[in-house]
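Structure first, commentary second.
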Amino acid sequence: MTDPLTRTRLLVALFAVSTLALALVAAGGAAPGLLSADSPDRPDDPTTEGTVGYADGHWYDDDLAVDDSEDAAVEDDDLEAVVSRSMARVEEIRNLTFQEDVPVEVVSREEFQGEDDVFGELNEDERLAQEVTYEALFMVDRETDAEDEVEAMYGGTVEGYYDPETGEIVIVSDNPENPELDETVLGHELLHALQDQHFDLSSYDRETIDQDNARNGLIEGDAAWVGTEYGERCGTEWDCVVPDGSQTEQPSDLNWGIYMTLFQPYNDGPNYVDALLEADDGWTAVNAAYDDPPASSSAVIHPDEEREPIDIEVDDRSNESWDRLEVNGEVASETAGEAAMVSMFGADAHDRSQPSVIESDELLTDDLSGYDYDQPYTDGWAGDELVTYVSADAADPDAADSGYVWQTEWRSSEDSRQFVDGYLELLDIHDAESVDDRQDTYVVDEGFPGAYALERDGETVTIVRAPSVADLEGIDSGIAATGPDSLGNATVDDSETNTSGNDSDDTDENDDSIPGFAVPGAVIAVSIALLAARARGSVRP
């Protein structure tokens with residue numbers, strides 16, 4: 001089915017969190033296949049389509065009058081030259097030529113926020129499926145609107161986007177009176193235009209959260225790699241048009257679970273691209289990967305391993321009181337994938353007053369610039385499918401009338417055990433209470449209310465959630481059997497659950513963020529750009 005989670009990010013396909021910050025993406029060194037910046041062999045009759053490092057009359061190292069301007073506001077007369085030179089610079093780094101011009105518009109944030117068609121409207125079934133999905137991942141609680149939560153992440157932090165339907169780039173400026181261009185953001189978005197011209201970005205299936213992250217591991221990894229190289233050359237080899245203090249202020253109410261899920265391709269994608277560059281013929285290998293993109297976020301997290309996901313089809317074992325939700329005529333199903341599961345277990349690490357399944361010192365990289373998505377609880381992921389159910393008696397069902405069956409597959413029984421351990425700890429963090437007469441069954445009252453039943457069989461772990469314990473068997477007749485727990489107890493003592501690495505007695509209750517990483521006002525870029533495809537009917541970021 002069309003994934004409602006990705007649909008809300010933008011009306012249509014290929015949505016990109018494009019510099020969720022170039023500063024947070026580590027891409028190392030020069031790669032094989034790059035042309036020398038000092039190449040003396042320039043053709044006498046260069047063309048945009050046939051000459052790397054040249055576009056519409058400009059070479060990548062041309063000097064422009066606008067370089068000496070006091071600000072980054074670029075008049076229409078100068079914009080064309082800046083865009084052409086930026087295209088040439090992207091070509092020089094990526095060793096690939098543009099096939100046609102790319103229109104660029106610079107708008108103020110007020111103009112961008114006034115656009116009505118940036119975010120699409122969900123129908124009621126899509127909205128419900130999205131709410132159930134986010135609840136299953138413990139990212140958006142019952143009292144919070146999931147669609148609003150996603151849109152709020154982008155409204156004030158978008159720096160630009162590429163629209164494959166029109167082939168246009170829009171750069172968003174925080175200066176309403178005199179909109180300014182950020183050439184590093186422009187370079188990132190131009191790389192998306194270059195990808196689209198050669199590889200047709202709208203052609204990729206993005207039907208699940210995991211498939212979306214997998215495709216973006218290549219697409220955004222490529223763009224982030226080039227964008228980082230572009231930024232490093234600005235100020236050293238090249239003069240660039242960049243606003244002073246252009247870094248966007250971090251939203252104070254960032255949803256870390258959603259953020260981490262969206263950020264994973266930008267975090268791990270450059271390393272995935274590095275692996276391709278080093279293993280074969282430079283950019284030729286990266287170009288070839290567009291014909292065979294990664295199939296899961298796991299493949300991007302572990303680029304040196306074979307990580308083909310297992311196809312899962314959840315058996316329907318519900319009774320007449322429950323129906324599988326259908327969205328646009330198809331059963332509402334979702335694959336979260338390894339990246340989203342890490343985000344589920346690690347989102348609480350950003351709150352110093354809250355215990356977390358994955359500790360902050362295990363989640364964050366040594367330099368606090370990104371995340372380590374290779375975690376013991378989830379690194380054995382082999383596949384998953386979540387199917388949403390609704391009460392057959394509810395005329396207009398909402399999340400309170402819904403449940404789900406979430407079947408996960410793991411590479412070994414030990415891996416499945418690790419996941420169960422993490423999930424039980426997550427339930428405990430949310431004050432789950434064990435149901436005495438039901439096997440491995442728990443009840444959560446606040447935030448993510450409902451009855452949860454777990455079953456582990458070798459490499460398979462099944463989680464069923466229903467509004468009440470009595471409803472569990474209606475959704476899955478084989479779950480929540482009478483008998484003692486076999487997996488463990490969700491209630492563990494405080495010494496085990498306070499895994500954030502902080503002594504609660506020393507915690508500043510007014511500071512709920514990790515020091516040096518997410519403290520309000522800390523210098524981290526959370527500038528988000530959108531790669532928007534407005535082809536109606538194709539959904540995918």
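Here's how to read the names in the structure tokens: chain A, B, ... by the order shown, residue numbers from 1 in each chain, ligand numbers from 1 in the order shown.
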Nearby residues (only C-alpha atoms) at most 9 Å from segment 371-380 of chain A, same-chain spacing under 3 positions excluded, as an NGL selection string: :A and (260 or 264 or 267-268 or 298 or 301-302 or 338-339 or 341-343 or 345 or 358 or 362-365 or 368 or 409-412 or 414-423)
Writing out the chosen residues with C-alpha atoms as an mmCIF file, in the first residue's frame:
```
data_model
loop_
_atom_site.group_PDB
_atom_site.id
_atom_site.type_symbol
_atom_site.label_atom_id
_atom_site.label_comp_id
_atom_site.auth_asym_id
_atom_site.auth_seq_id
_atom_site.Cartn_x
_atom_site.Cartn_y
_atom_site.Cartn_z
ATOM 1 C CA MET A 260 16.005 9.954 13.839
ATOM 2 C CA GLN A 264 19.183 7.873 9.020
ATOM 3 C CA ASN A 267 23.651 9.820 8.579
ATOM 4 C CA ASP A 268 24.587 6.493 6.951
ATOM 5 C CA SER A 298 19.678 -2.398 7.082
ATOM 6 C CA ILE A 301 23.506 0.713 7.948
ATOM 7 C CA HIS A 302 25.689 -2.341 7.130
ATOM 8 C CA GLU A 338 16.020 -1.422 11.261
ATOM 9 C CA ALA A 339 16.440 2.374 11.177
ATOM 10 C CA MET A 341 13.431 0.396 15.262
ATOM 11 C CA VAL A 342 16.679 2.010 16.397
ATOM 12 C CA SER A 343 14.795 5.314 16.502
ATOM 13 C CA PHE A 345 14.587 2.414 21.131
ATOM 14 C CA ILE A 358 19.598 2.639 24.056
ATOM 15 C CA GLU A 362 25.868 4.212 22.720
ATOM 16 C CA LEU A 363 23.543 6.096 20.399
ATOM 17 C CA LEU A 364 25.637 9.150 19.590
ATOM 18 C CA THR A 365 28.863 9.103 17.635
ATOM 19 C CA LEU A 368 28.273 14.014 18.818
ATOM 20 C CA GLU A 409 11.922 -11.658 11.620
ATOM 21 C CA TRP A 410 15.520 -11.867 12.842
ATOM 22 C CA ARG A 411 18.745 -13.363 11.551
ATOM 23 C CA SER A 412 19.055 -15.709 14.533
ATOM 24 C CA GLU A 414 19.680 -14.735 19.699
ATOM 25 C CA ASP A 415 18.865 -11.650 17.634
ATOM 26 C CA SER A 416 15.149 -12.131 18.291
ATOM 27 C CA ARG A 417 15.912 -12.479 21.998
ATOM 28 C CA GLN A 418 17.822 -9.194 21.935
ATOM 29 C CA PHE A 419 14.896 -7.411 20.315
ATOM 30 C CA VAL A 420 12.442 -8.823 22.851
ATOM 31 C CA ASP A 421 14.669 -7.655 25.699
ATOM 32 C CA GLY A 422 14.712 -4.152 24.279
ATOM 33 C CA TYR A 423 10.987 -4.120 23.651
#
```
Residue contacts of Leu181 of chain A (12 Å, only C-alpha atoms) excluding same-chain residues fewer than 3 positions away, as number ranges by chain: A: 66-67, 69, 71-76, 78-79, 82-83, 86, 104-108, 159-160, 169-175, 178, 184-187, 240-244, 246
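For segment 145-364 of chain A, the set of residues given strand (DSSP E) by DSSP on the backbone reads Val158, Glu159, Gly160, Tyr161, Tyr162, Asp163, Glu168, Ile169, Val170, Ile171, Val172, Ser173, Trp322, Asp323, Arg324, Glu326, Val327, Glu330, Val331, Ser333 and Glu334 of chain A.
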Residues within 9 Å of Asp436 of chain A, only C-alpha atoms, excluding chain neighbours under 3 positions, as a short mmCIF file (atom, residue, chain, number, x, y, z; two decimals) with N, CA and C atoms, in the first residue's frame:
```
data_model
loop_
_atom_site.label_atom_id
_atom_site.label_comp_id
_atom_site.auth_asym_id
_atom_site.auth_seq_id
_atom_site.Cartn_x
_atom_site.Cartn_y
_atom_site.Cartn_z
N GLN A 439 -0.14 -15.02 29.25
CA GLN A 439 1.28 -15.19 28.96
C GLN A 439 1.84 -14.00 28.19
N THR A 441 1.81 -10.80 28.45
CA THR A 441 0.80 -9.80 28.12
C THR A 441 0.92 -8.64 29.10
N TYR A 442 0.82 -7.41 28.58
CA TYR A 442 1.05 -6.22 29.38
C TYR A 442 0.02 -5.16 29.03
N GLY A 483 -1.44 -18.63 31.10
CA GLY A 483 -0.21 -19.27 31.55
C GLY A 483 0.82 -18.25 31.99
N PRO A 484 1.93 -18.73 32.55
CA PRO A 484 2.98 -17.83 33.03
C PRO A 484 3.79 -17.23 31.88
N ASP A 485 4.45 -16.11 32.17
CA ASP A 485 5.29 -15.46 31.17
C ASP A 485 6.46 -16.37 30.78
#
```
Do you have, as a Markdown table, the list of residues of segment 285-336 of chain A lying at most 8 Å from segment 383-394 of chain A, each with its nearest atom pair and that distance in Å to one decimal, counting only C-alpha atoms and ordered by chain then number?
```
| residue | atom | partner | partner_atom | distance |
| --- | --- | --- | --- | --- |
| A:Pro309 | CA | A:Gly383 | CA | 5.3 |
| A:Ile310 | CA | A:Gly383 | CA | 5.1 |
| A:Asp311 | CA | A:Gly383 | CA | 6.8 |
| A:Ile312 | CA | A:Glu385 | CA | 6.3 |
| A:Glu313 | CA | A:Glu385 | CA | 7.2 |
| A:Val314 | CA | A:Glu385 | CA | 7.0 |
| A:Glu320 | CA | A:Ala392 | CA | 7.3 |
| A:Ser321 | CA | A:Ala392 | CA | 5.2 |
| A:Trp322 | CA | A:Ser391 | CA | 4.7 |
| A:Asp323 | CA | A:Val390 | CA | 5.4 |
| A:Arg324 | CA | A:Tyr389 | CA | 4.4 |
| A:Leu325 | CA | A:Tyr389 | CA | 5.3 |
| A:Val331 | CA | A:Val387 | CA | 7.5 |
| A:Ala332 | CA | A:Thr388 | CA | 5.8 |
| A:Ser333 | CA | A:Val387 | CA | 4.4 |
| A:Glu334 | CA | A:Leu386 | CA | 5.0 |
| A:Thr335 | CA | A:Glu385 | CA | 4.8 |
| A:Ala336 | CA | A:Asp384 | CA | 6.8 |
```
What does the distance between atom CA of Tyr452 of chain A and atom CA of Ala214 of chain A come to in Å, to one decimal place? 29.0 Å
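Non-sequential neighbours of segment 147-149 of chain A (distance at most 8 Å, separation of 6 or more positions within a chain, only C-alpha atoms) are Thr8, Arg127, Gln130, Val140 and Asn255 of chain A.
Here atom CA of Ile258 of chain A is placed at a distance of 18.6 Å from atom CA of Gly221 of chain A.
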As number ranges by chain, please: every residue in segment 289-451 of chain A that DSSP puts in helix (DSSP H, G or I). A: 289, 297-301, 337-350, 360-363, 399-401, 413-429
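Atom CA of Leu64 of chain A is positioned 25.4 Å from atom CA of Trp225 of chain A.
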So that I can see what lies close to Ala480 of chain A, please list as a PyMOL selection string the residues with an atom at most 8 Å from it, counting only C-alpha atoms and leaving out residues fewer than 4 positions away in the same chain. chain A and resi 438-441+453-454+472-473
